[in-house]
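protein-v6.pdb (PDB, C-alpha atoms)
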```pdb
ATOM      1  CA  GLU A   1     181.351 188.637 114.997
ATOM      2  CA  ASP A   2     183.044 189.316 118.310
ATOM      3  CA  PRO A   3     182.731 192.941 119.438
ATOM      4  CA  VAL A   4     185.793 195.127 119.075
ATOM      5  CA  SER A   5     187.033 197.234 121.980
ATOM      6  CA  SER A   6     186.632 200.969 121.381
ATOM      7  CA  VAL A   7     188.447 204.086 122.520
ATOM      8  CA  LYS A   8     187.509 207.755 122.228
ATOM      9  CA  VAL A   9     189.625 209.666 119.738
ATOM     10  CA  SER A  10     189.430 213.116 118.226
ATOM     11  CA  ASP A  11     190.144 212.004 114.701
ATOM     12  CA  ALA A  12     190.190 208.553 113.145
ATOM     13  CA  SER A  13     189.595 206.462 110.075
ATOM     14  CA  LEU A  14     187.238 203.561 110.548
ATOM     15  CA  LEU A  15     187.527 200.438 108.437
ATOM     16  CA  LEU A  16     184.727 197.873 108.652
ATOM     17  CA  GLU A  17     184.990 194.450 107.072
ATOM     18  CA  ALA A  18     182.073 192.093 106.562
ATOM     19  CA  VAL A  19     181.013 189.253 104.268
ATOM     20  CA  THR A  20     178.188 191.369 102.813
ATOM     21  CA  VAL A  21     176.985 194.943 103.160
ATOM     22  CA  PRO A  22     174.929 195.152 106.385
ATOM     23  CA  SER A  23     171.239 195.785 105.621
ATOM     24  CA  THR A  24     171.186 198.711 108.072
ATOM     25  CA  TRP A  25     174.351 200.341 106.744
ATOM     26  CA  ASN A  26     174.024 204.132 106.492
ATOM     27  CA  GLU A  27     176.870 206.018 104.896
ATOM     28  CA  ASN A  28     175.608 209.280 106.436
ATOM     29  CA  PHE A  29     175.485 208.103 110.043
ATOM     30  CA  ASN A  30     178.709 209.920 110.930
ATOM     31  CA  PRO A  31     177.975 213.460 112.279
ATOM     32  CA  SER A  32     181.683 214.237 112.867
ATOM     33  CA  ASN A  33     182.544 213.546 109.258
ATOM     34  CA  LEU A  34     185.256 211.063 110.164
ATOM     35  CA  LYS A  35     186.508 208.946 107.315
ATOM     36  CA  VAL A  36     184.602 205.665 107.149
ATOM     37  CA  GLU A  37     185.278 202.867 104.703
ATOM     38  CA  LEU A  38     183.348 199.649 104.261
ATOM     39  CA  ASN A  39     185.212 196.748 102.736
ATOM     40  CA  TYR A  40     183.176 193.595 102.259
ATOM     41  CA  PHE A  41     184.093 190.231 100.793
ATOM     42  CA  GLU A  42     180.989 189.685  98.718
ATOM     43  CA  ASN A  43     182.918 187.883  96.010
ATOM     44  CA  GLU A  44     185.326 185.988  98.283
ATOM     45  CA  ILE A  45     183.019 184.096 100.636
ATOM     46  CA  PHE A  46     179.805 182.367  99.615
ATOM     47  CA  ASP A  47     177.681 179.352 100.475
ATOM     48  CA  ASP A  48     175.680 176.622  98.786
ATOM     49  CA  GLY A  49     172.864 176.612 101.325
ATOM     50  CA  LYS A  50     174.760 174.313 103.686
ATOM     51  CA  LEU A  51     178.532 174.798 103.538
ATOM     52  CA  ILE A  52     180.489 178.063 103.478
ATOM     53  CA  TYR A  53     183.404 178.515 101.078
ATOM     54  CA  LYS A  54     186.266 180.952 100.670
ATOM     55  CA  ILE A  55     187.790 181.555  97.269
ATOM     56  CA  ILE A  56     191.489 180.669  97.240
ATOM     57  CA  ASP A  57     192.303 181.500  93.624
ATOM     58  CA  SER A  58     190.586 181.766  90.268
ATOM     59  CA  SER A  59     189.714 178.073  90.168
ATOM     60  CA  SER A  60     189.509 176.693  93.724
ATOM     61  CA  VAL A  61     187.831 177.217  97.081
ATOM     62  CA  SER A  62     188.222 175.928 100.617
ATOM     63  CA  VAL A  63     185.432 174.775 102.926
ATOM     64  CA  ILE A  64     185.489 177.123 105.928
ATOM     65  CA  GLY A  65     182.332 176.252 107.844
ATOM     66  CA  ILE A  66     178.671 175.311 108.031
ATOM     67  CA  LEU A  67     175.719 177.686 107.820
ATOM     68  CA  PRO A  68     174.054 178.146 111.227
ATOM     69  CA  ASP A  69     170.652 177.124 109.857
ATOM     70  CA  ALA A  70     171.841 173.884 108.253
ATOM     71  CA  THR A  71     169.536 171.100 109.442
ATOM     72  CA  PRO A  72     170.656 167.930 111.272
ATOM     73  CA  ALA A  73     169.436 165.881 108.308
ATOM     74  CA  GLU A  74     171.717 167.834 105.966
ATOM     75  CA  LEU A  75     174.743 167.349 108.220
ATOM     76  CA  ARG A  76     174.291 163.739 109.317
ATOM     77  CA  ASP A  77     175.601 162.362 106.011
ATOM     78  CA  LEU A  78     177.804 165.201 104.837
ATOM     79  CA  VAL A  79     178.993 165.336 101.228
ATOM     80  CA  ILE A  80     181.871 167.673 100.396
ATOM     81  CA  PRO A  81     181.221 168.429  96.711
ATOM     82  CA  SER A  82     183.951 168.235  94.132
ATOM     83  CA  THR A  83     182.900 171.533  92.560
ATOM     84  CA  VAL A  84     180.644 174.397  93.585
ATOM     85  CA  LYS A  85     179.067 177.281  91.680
ATOM     86  CA  ASN A  86     178.897 180.920  92.751
ATOM     87  CA  THR A  87     176.829 183.594  91.034
ATOM     88  CA  VAL A  88     178.279 187.110  91.180
ATOM     89  CA  ILE A  89     176.278 190.272  90.503
ATOM     90  CA  ASN A  90     178.362 192.638  88.402
ATOM     91  CA  ASP A  91     178.412 196.440  88.636
ATOM     92  CA  ASP A  92     176.071 196.654  85.637
ATOM     93  CA  ASP A  93     173.603 194.280  87.364
ATOM     94  CA  THR A  94     174.431 191.407  85.027
ATOM     95  CA  THR A  95     175.429 188.108  86.623
ATOM     96  CA  THR A  96     178.398 185.818  86.168
ATOM     97  CA  GLU A  97     178.374 182.200  87.286
ATOM     98  CA  ASN A  98     181.760 180.794  88.287
ATOM     99  CA  THR A  99     182.552 177.157  88.991
ATOM    100  CA  TYR A 100     185.276 176.299  91.508
ATOM    101  CA  THR A 101     186.995 173.097  92.510
ATOM    102  CA  VAL A 102     186.661 172.385  96.234
ATOM    103  CA  SER A 103     190.266 171.649  97.142
ATOM    104  CA  SER A 104     190.577 171.813 100.933
ATOM    105  CA  ILE A 105     189.006 171.992 104.381
ATOM    106  CA  ILE A 106     190.469 174.641 106.689
ATOM    107  CA  ASP A 107     191.867 174.075 110.184
ATOM    108  CA  ASN A 108     189.212 173.427 112.872
ATOM    109  CA  CYS A 109     186.443 173.514 110.261
ATOM    110  CA  PHE A 110     184.190 170.857 111.833
ATOM    111  CA  LYS A 111     185.911 170.565 115.205
ATOM    112  CA  ASP A 112     183.778 169.115 118.033
ATOM    113  CA  ARG A 113     180.601 168.823 115.971
ATOM    114  CA  LYS A 114     178.363 166.032 117.222
ATOM    115  CA  ASP A 115     175.918 166.042 114.292
ATOM    116  CA  ILE A 116     178.175 164.579 111.567
ATOM    117  CA  TYR A 117     177.987 160.788 111.197
ATOM    118  CA  THR A 118     179.432 160.173 107.726
ATOM    119  CA  VAL A 119     181.534 162.220 105.314
ATOM    120  CA  ARG A 120     182.128 161.677 101.622
ATOM    121  CA  LEU A 121     184.693 163.598  99.582
ATOM    122  CA  SER A 122     183.004 163.626  96.199
ATOM    123  CA  GLY A 123     184.883 163.306  92.936
ATOM    124  CA  ASP A 124     181.862 163.983  90.747
ATOM    125  CA  ASN A 125     182.432 166.166  87.674
ATOM    126  CA  VAL A 126     186.242 166.093  87.865
ATOM    127  CA  ALA A 127     188.801 163.782  86.293
ATOM    128  CA  GLU A 128     191.086 163.866  89.340
ATOM    129  CA  LYS A 129     192.001 166.357  92.045
ATOM    130  CA  ASP A 130     194.218 166.761  95.106
ATOM    131  CA  PHE A 131     192.645 167.556  98.446
ATOM    132  CA  VAL A 132     194.006 168.978 101.715
ATOM    133  CA  ILE A 133     192.479 168.351 105.155
ATOM    134  CA  GLY A 134     193.448 170.969 107.743
ATOM    135  CA  ASN A 135     194.653 170.575 111.321
ATOM    136  CA  HIS A 136     191.876 169.476 113.722
ATOM    137  CA  ALA A 137     189.415 169.484 110.799
ATOM    138  CA  PHE A 138     187.262 166.688 112.281
ATOM    139  CA  ASP A 139     188.822 166.579 115.746
ATOM    140  CA  GLY A 140     186.221 165.688 118.365
ATOM    141  CA  CYS A 141     183.508 164.662 115.870
ATOM    142  CA  ARG A 142     182.650 161.756 118.114
ATOM    143  CA  MET A 143     179.736 160.509 116.002
ATOM    144  CA  LEU A 144     181.800 160.373 112.785
ATOM    145  CA  ASN A 145     182.027 156.681 111.898
ATOM    146  CA  SER A 146     182.602 156.727 108.131
ATOM    147  CA  PHE A 147     184.917 158.814 105.945
ATOM    148  CA  VAL A 148     184.803 157.881 102.264
ATOM    149  CA  VAL A 149     187.053 159.360  99.588
ATOM    150  CA  ASP A 150     186.057 158.881  95.954
ATOM    151  CA  SER A 151     188.795 157.148  93.941
ATOM    152  CA  ASN A 152     189.600 160.218  91.825
ATOM    153  CA  VAL A 153     190.096 162.433  94.897
ATOM    154  CA  LYS A 154     193.695 162.192  96.087
ATOM    155  CA  ILE A 155     194.407 163.246  99.668
ATOM    156  CA  LYS A 156     197.571 165.319  99.388
ATOM    157  CA  LYS A 157     197.883 166.343 103.026
ATOM    158  CA  ALA A 158     196.137 165.751 106.353
ATOM    159  CA  GLY A 159     196.815 167.939 109.364
ATOM    160  CA  VAL A 160     197.674 167.079 112.955
ATOM    161  CA  TYR A 161     194.689 165.819 114.971
ATOM    162  CA  SER A 162     192.604 165.927 111.788
ATOM    163  CA  PHE A 163     190.581 162.814 112.740
ATOM    164  CA  ALA A 164     191.300 162.708 116.480
ATOM    165  CA  GLU A 165     188.600 161.415 118.829
ATOM    166  CA  THR A 166     186.250 160.238 116.097
ATOM    167  CA  SER A 167     184.425 156.894 115.882
ATOM    168  CA  LEU A 168     185.984 155.849 112.588
ATOM    169  CA  VAL A 169     186.293 152.080 112.184
ATOM    170  CA  GLU A 170     188.353 152.128 108.996
ATOM    171  CA  ILE A 171     189.652 154.722 106.560
ATOM    172  CA  ASP A 172     191.291 154.667 103.131
ATOM    173  CA  LEU A 173     193.639 157.596 102.473
ATOM    174  CA  LYS A 174     195.440 156.163  99.466
ATOM    175  CA  GLY A 175     196.355 158.777  96.902
ATOM    176  CA  ASN A 176     199.069 161.419  97.151
ATOM    177  CA  LEU A 177     199.363 161.490 100.940
ATOM    178  CA  LEU A 178     203.045 161.358 101.894
ATOM    179  CA  GLU A 179     202.743 161.617 105.677
ATOM    180  CA  ILE A 180     200.321 160.667 108.411
ATOM    181  CA  PRO A 181     201.011 163.507 110.847
ATOM    182  CA  SER A 182     201.362 163.465 114.611
ATOM    183  CA  TYR A 183     198.178 162.582 116.510
ATOM    184  CA  CYS A 184     196.219 162.378 113.270
ATOM    185  CA  PHE A 185     194.051 159.575 114.718
ATOM    186  CA  ASN A 186     194.618 160.308 118.390
ATOM    187  CA  THR A 187     192.213 158.343 120.624
ATOM    188  CA  CYS A 188     190.236 156.811 117.761
ATOM    189  CA  SER A 189     189.173 153.949 119.988
ATOM    190  CA  GLN A 190     187.075 152.185 117.301
ATOM    191  CA  LEU A 191     189.691 152.322 114.536
ATOM    192  CA  LYS A 192     190.579 148.867 113.175
ATOM    193  CA  LYS A 193     191.969 149.429 109.670
ATOM    194  CA  VAL A 194     193.931 152.186 107.902
ATOM    195  CA  SER A 195     194.961 152.155 104.237
ATOM    196  CA  SER A 196     197.354 154.829 103.071
ATOM    197  CA  SER A 197     200.048 155.711 100.572
ATOM    198  CA  ALA A 198     202.155 157.376 103.260
ATOM    199  CA  LEU A 199     205.938 157.253 103.254
ATOM    200  CA  ILE A 200     206.215 158.703 106.759
ATOM    201  CA  ILE A 201     204.239 158.030 109.931
ATOM    202  CA  SER A 202     204.906 160.818 112.426
ATOM    203  CA  SER A 203     205.130 160.551 116.205
ATOM    204  CA  PHE A 204     202.010 159.246 117.943
ATOM    205  CA  ALA A 205     199.989 159.290 114.724
ATOM    206  CA  PHE A 206     197.862 156.430 116.114
ATOM    207  CA  ASN A 207     198.195 157.329 119.773
ATOM    208  CA  ASN A 208     195.659 155.524 121.956
ATOM    209  CA  CYS A 209     194.103 153.589 119.058
ATOM    210  CA  THR A 210     193.521 150.571 121.260
ATOM    211  CA  LEU A 211     191.931 148.295 118.641
ATOM    212  CA  LEU A 212     194.529 148.957 115.937
ATOM    213  CA  SER A 213     197.565 146.748 115.387
ATOM    214  CA  PHE A 214     200.543 147.224 113.094
ATOM    215  CA  GLU A 215     199.172 144.559 110.745
ATOM    216  CA  ASP A 216     195.982 146.580 110.312
ATOM    217  CA  VAL A 217     197.797 149.522 108.699
ATOM    218  CA  SER A 218     198.973 149.500 105.087
ATOM    219  CA  PHE A 219     201.604 151.918 103.786
ATOM    220  CA  ALA A 220     203.354 152.826 100.562
ATOM    221  CA  ASP A 221     205.725 150.160  99.223
ATOM    222  CA  SER A 222     208.652 152.492  99.930
ATOM    223  CA  PHE A 223     207.480 153.184 103.506
ATOM    224  CA  SER A 224     210.445 154.858 105.223
ATOM    225  CA  SER A 225     209.915 156.061 108.783
ATOM    226  CA  LEU A 226     208.126 155.001 111.944
ATOM    227  CA  GLU A 227     209.667 157.759 114.099
ATOM    228  CA  ASN A 228     208.434 157.353 117.691
ATOM    229  CA  LYS A 229     205.279 155.466 116.839
ATOM    230  CA  PHE A 230     206.040 152.593 119.188
ATOM    231  CA  LEU A 231     206.639 154.800 122.233
ATOM    232  CA  GLU A 232     202.937 154.485 123.029
ATOM    233  CA  THR A 233     202.246 150.781 123.442
ATOM    234  CA  SER A 234     198.508 151.365 122.916
ATOM    235  CA  CYS A 235     199.090 152.527 119.321
ATOM    236  CA  PHE A 236     199.531 148.953 118.077
TER     237      PHE A 236
END
```
Represent the structure contained in this file as structure tokens.
Amino acid sequence: EDPVSSVKVSDASLLLEAVTVPSTWNENFNPSNLKVELNYFENEIFDDGKLIYKIIDSSSVSVIGILPDATPAELRDLVIPSTVKNTVINDDDTTTENTYTVSSIIDNCFKDRKDIYTVRLSGDNVAEKDFVIGNHAFDGCRMLNSFVVDSNVKIKKAGVYSFAETSLVEIDLKGNLLEIPSYCFNTCSQLKKVSSSALIISSFAFNNCTLLSFEDVSFADSFSSLENKFLETSCF
């Protein structure tokens, strides 16, 4: 983590927060007997050996990042699982295994990564689920050329710039998506086809998509708003 600026004080309480207890942690390091507390999120953040997750509630988690030692082979064709298991060690040293639904990807999660070529949102082991893609989630993933959503995964929301500057050729976002937000596909110069259930297309959603025409985009039957989409002639 980034270092924190320090100041000299005569009396203070120190609160440290970490994902796990540091291996070198020594509760008796403090010769001045200042109050020191260690709060760690052992049961809130975990990984599956490749992706890092944060628990949102008792049944769902969000993808928040990639482990630093994940290999290029593991990332090239990235599968976002539908569910993930986490084993917790209890105070009495017994273990509890919890299963969570993976329901979202946080803002900036994979931004500017050049090692992701394909992504699949898996619907394995679930009947149906909603899914949220954060702002700038795949922004700048220039090698990303395929984004596949299993039929039982329903995209509920996609953030601004979520697929900007990728190499996607086509994408199917049909499901529960009501809006394609501003600059969602900004400068996707290879994009040729978009299928969606959107009712609203926000300003410049397809800005600088030079190969995409209006006829190449499908919307919900009750499609209602184009806003300023035509202000950029290169959109369609």
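The residue that comes closest to Ile155 (chain A), out of A:Tyr117, A:Phe138, A:Phe110, A:Phe131 and on the basis of only C-alpha atoms, is A:Phe131.
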Practice prompt. Measure the distance from CA of Leu51 (chain A) to CA of Asn186 (chain A) in Å and round it to one decimal.
Written response: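 For CA of Leu51 (chain A) relative to CA of Asn186 (chain A), the distance reads 26.3 Å.
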Worksheet item: Could you work out how far CA of Ile89 (chain A) lies from CA of Asp57 (chain A), giving the answer in Å with one decimal?
Response: 18.5 Å
Worksheet item: Rounded to one decimal in Å, what is the spacing between CA of Ala137 (chain A) and CA of Val160 (chain A)?
Response: 8.9 Å
Please produce, as a Markdown table, a per-residue contact table for region 65-126 of chain A versus region 144-154 of chain A (criterion: any atom at most 10 Å away, all atoms listed in the file considered), showing the nearest atom pair and its distance in Å to one decimal, sorted by chain then residue number.
```
| residue | atom | partner | partner_atom | distance |
| --- | --- | --- | --- | --- |
| A:Arg76 | CA | A:Leu144 | CA | 8.9 |
| A:Asp77 | CA | A:Ser146 | CA | 9.2 |
| A:Leu78 | CA | A:Phe147 | CA | 9.6 |
| A:Val79 | CA | A:Val148 | CA | 9.5 |
| A:Ile80 | CA | A:Val149 | CA | 9.8 |
| A:Ser82 | CA | A:Val153 | CA | 8.5 |
| A:Ser103 | CA | A:Val153 | CA | 9.5 |
| A:Arg113 | CA | A:Leu144 | CA | 9.1 |
| A:Lys114 | CA | A:Leu144 | CA | 8.0 |
| A:Asp115 | CA | A:Leu144 | CA | 8.3 |
| A:Ile116 | CA | A:Leu144 | CA | 5.7 |
| A:Tyr117 | CA | A:Leu144 | CA | 4.2 |
| A:Thr118 | CA | A:Ser146 | CA | 4.7 |
| A:Val119 | CA | A:Phe147 | CA | 4.8 |
| A:Arg120 | CA | A:Val148 | CA | 4.7 |
| A:Leu121 | CA | A:Val149 | CA | 4.9 |
| A:Ser122 | CA | A:Asp150 | CA | 5.6 |
| A:Gly123 | CA | A:Asp150 | CA | 5.5 |
| A:Asp124 | CA | A:Asp150 | CA | 8.4 |
| A:Val126 | CA | A:Asn152 | CA | 7.8 |
```
Provide region 207-218 of chain A rebuilt to all heavy atoms, formatted as an mmCIF file, in the coordinates of the input.
```
data_model
loop_
_atom_site.group_PDB
_atom_site.id
_atom_site.type_symbol
_atom_site.label_atom_id
_atom_site.label_comp_id
_atom_site.auth_asym_id
_atom_site.auth_seq_id
_atom_site.Cartn_x
_atom_site.Cartn_y
_atom_site.Cartn_z
ATOM 1 N N ASN A 207 198.175 157.357 118.310
ATOM 2 C CA ASN A 207 198.195 157.329 119.773
ATOM 3 C C ASN A 207 196.845 156.922 120.349
ATOM 4 O O ASN A 207 195.802 157.463 119.997
ATOM 5 C CB ASN A 207 198.579 158.717 120.298
ATOM 6 C CG ASN A 207 198.641 158.776 121.802
ATOM 7 O OD1 ASN A 207 199.330 157.981 122.439
ATOM 8 N ND2 ASN A 207 197.922 159.721 122.387
ATOM 9 N N ASN A 208 196.865 155.940 121.235
ATOM 10 C CA ASN A 208 195.659 155.524 121.956
ATOM 11 C C ASN A 208 194.599 154.914 121.050
ATOM 12 O O ASN A 208 193.401 154.963 121.371
ATOM 13 C CB ASN A 208 195.066 156.700 122.728
ATOM 14 C CG ASN A 208 194.584 156.295 124.104
ATOM 15 O OD1 ASN A 208 194.942 155.230 124.618
ATOM 16 N ND2 ASN A 208 193.761 157.125 124.697
ATOM 17 N N CYS A 209 195.026 154.341 119.922
ATOM 18 C CA CYS A 209 194.103 153.589 119.058
ATOM 19 C C CYS A 209 194.143 152.132 119.523
ATOM 20 O O CYS A 209 194.874 151.308 118.978
ATOM 21 C CB CYS A 209 194.506 153.714 117.597
ATOM 22 S SG CYS A 209 194.367 155.382 116.935
ATOM 23 N N THR A 210 193.365 151.826 120.513
ATOM 24 C CA THR A 210 193.521 150.571 121.260
ATOM 25 C C THR A 210 193.137 149.321 120.478
ATOM 26 O O THR A 210 193.557 148.225 120.830
ATOM 27 C CB THR A 210 192.690 150.635 122.554
ATOM 28 O OG1 THR A 210 191.345 150.984 122.216
ATOM 29 C CG2 THR A 210 193.256 151.695 123.496
ATOM 30 N N LEU A 211 192.337 149.461 119.423
ATOM 31 C CA LEU A 211 191.931 148.295 118.641
ATOM 32 C C LEU A 211 192.777 148.102 117.384
ATOM 33 O O LEU A 211 192.559 147.150 116.634
ATOM 34 C CB LEU A 211 190.456 148.412 118.236
ATOM 35 C CG LEU A 211 189.433 148.444 119.379
ATOM 36 C CD1 LEU A 211 188.021 148.518 118.817
ATOM 37 C CD2 LEU A 211 189.585 147.229 120.272
ATOM 38 N N LEU A 212 193.731 148.980 117.169
ATOM 39 C CA LEU A 212 194.529 148.957 115.937
ATOM 40 C C LEU A 212 195.869 148.290 116.192
ATOM 41 O O LEU A 212 196.557 148.602 117.170
ATOM 42 C CB LEU A 212 194.755 150.391 115.443
ATOM 43 C CG LEU A 212 195.290 150.564 114.028
ATOM 44 C CD1 LEU A 212 194.240 150.151 113.006
ATOM 45 C CD2 LEU A 212 195.683 152.025 113.790
ATOM 46 N N SER A 213 196.246 147.379 115.310
ATOM 47 C CA SER A 213 197.565 146.748 115.387
ATOM 48 C C SER A 213 198.372 147.126 114.151
ATOM 49 O O SER A 213 197.821 147.612 113.153
ATOM 50 C CB SER A 213 197.434 145.225 115.477
ATOM 51 O OG SER A 213 196.889 144.702 114.279
ATOM 52 N N PHE A 214 199.667 146.871 114.214
ATOM 53 C CA PHE A 214 200.543 147.224 113.094
ATOM 54 C C PHE A 214 200.096 146.539 111.814
ATOM 55 O O PHE A 214 200.156 147.120 110.729
ATOM 56 C CB PHE A 214 201.985 146.832 113.431
ATOM 57 C CG PHE A 214 202.970 147.210 112.365
ATOM 58 C CD1 PHE A 214 203.323 148.534 112.180
ATOM 59 C CD2 PHE A 214 203.533 146.249 111.538
ATOM 60 C CE1 PHE A 214 204.228 148.892 111.190
ATOM 61 C CE2 PHE A 214 204.430 146.602 110.549
ATOM 62 C CZ PHE A 214 204.776 147.921 110.371
ATOM 63 N N GLU A 215 199.605 145.321 111.915
ATOM 64 C CA GLU A 215 199.172 144.559 110.745
ATOM 65 C C GLU A 215 197.922 145.138 110.105
ATOM 66 O O GLU A 215 197.580 144.810 108.963
ATOM 67 C CB GLU A 215 198.920 143.095 111.126
ATOM 68 C CG GLU A 215 200.165 142.303 111.481
ATOM 69 C CD GLU A 215 200.706 142.662 112.869
ATOM 70 O OE1 GLU A 215 199.932 143.240 113.681
ATOM 71 O OE2 GLU A 215 201.898 142.392 113.121
ATOM 72 N N ASP A 216 197.226 145.993 110.825
ATOM 73 C CA ASP A 216 195.982 146.580 110.312
ATOM 74 C C ASP A 216 196.209 147.862 109.529
ATOM 75 O O ASP A 216 195.253 148.479 109.069
ATOM 76 C CB ASP A 216 195.031 146.897 111.476
ATOM 77 C CG ASP A 216 194.618 145.655 112.238
ATOM 78 O OD1 ASP A 216 194.445 144.598 111.596
ATOM 79 O OD2 ASP A 216 194.495 145.733 113.478
ATOM 80 N N VAL A 217 197.475 148.273 109.387
ATOM 81 C CA VAL A 217 197.797 149.522 108.699
ATOM 82 C C VAL A 217 198.639 149.212 107.474
ATOM 83 O O VAL A 217 199.672 148.537 107.569
ATOM 84 C CB VAL A 217 198.558 150.494 109.628
ATOM 85 C CG1 VAL A 217 198.825 151.815 108.901
ATOM 86 C CG2 VAL A 217 197.777 150.740 110.912
ATOM 87 N N SER A 218 198.204 149.685 106.310
ATOM 88 C CA SER A 218 198.973 149.500 105.087
ATOM 89 C C SER A 218 199.615 150.820 104.689
ATOM 90 O O SER A 218 199.038 151.898 104.886
ATOM 91 C CB SER A 218 198.078 148.997 103.955
ATOM 92 O OG SER A 218 197.070 149.937 103.638
#
```
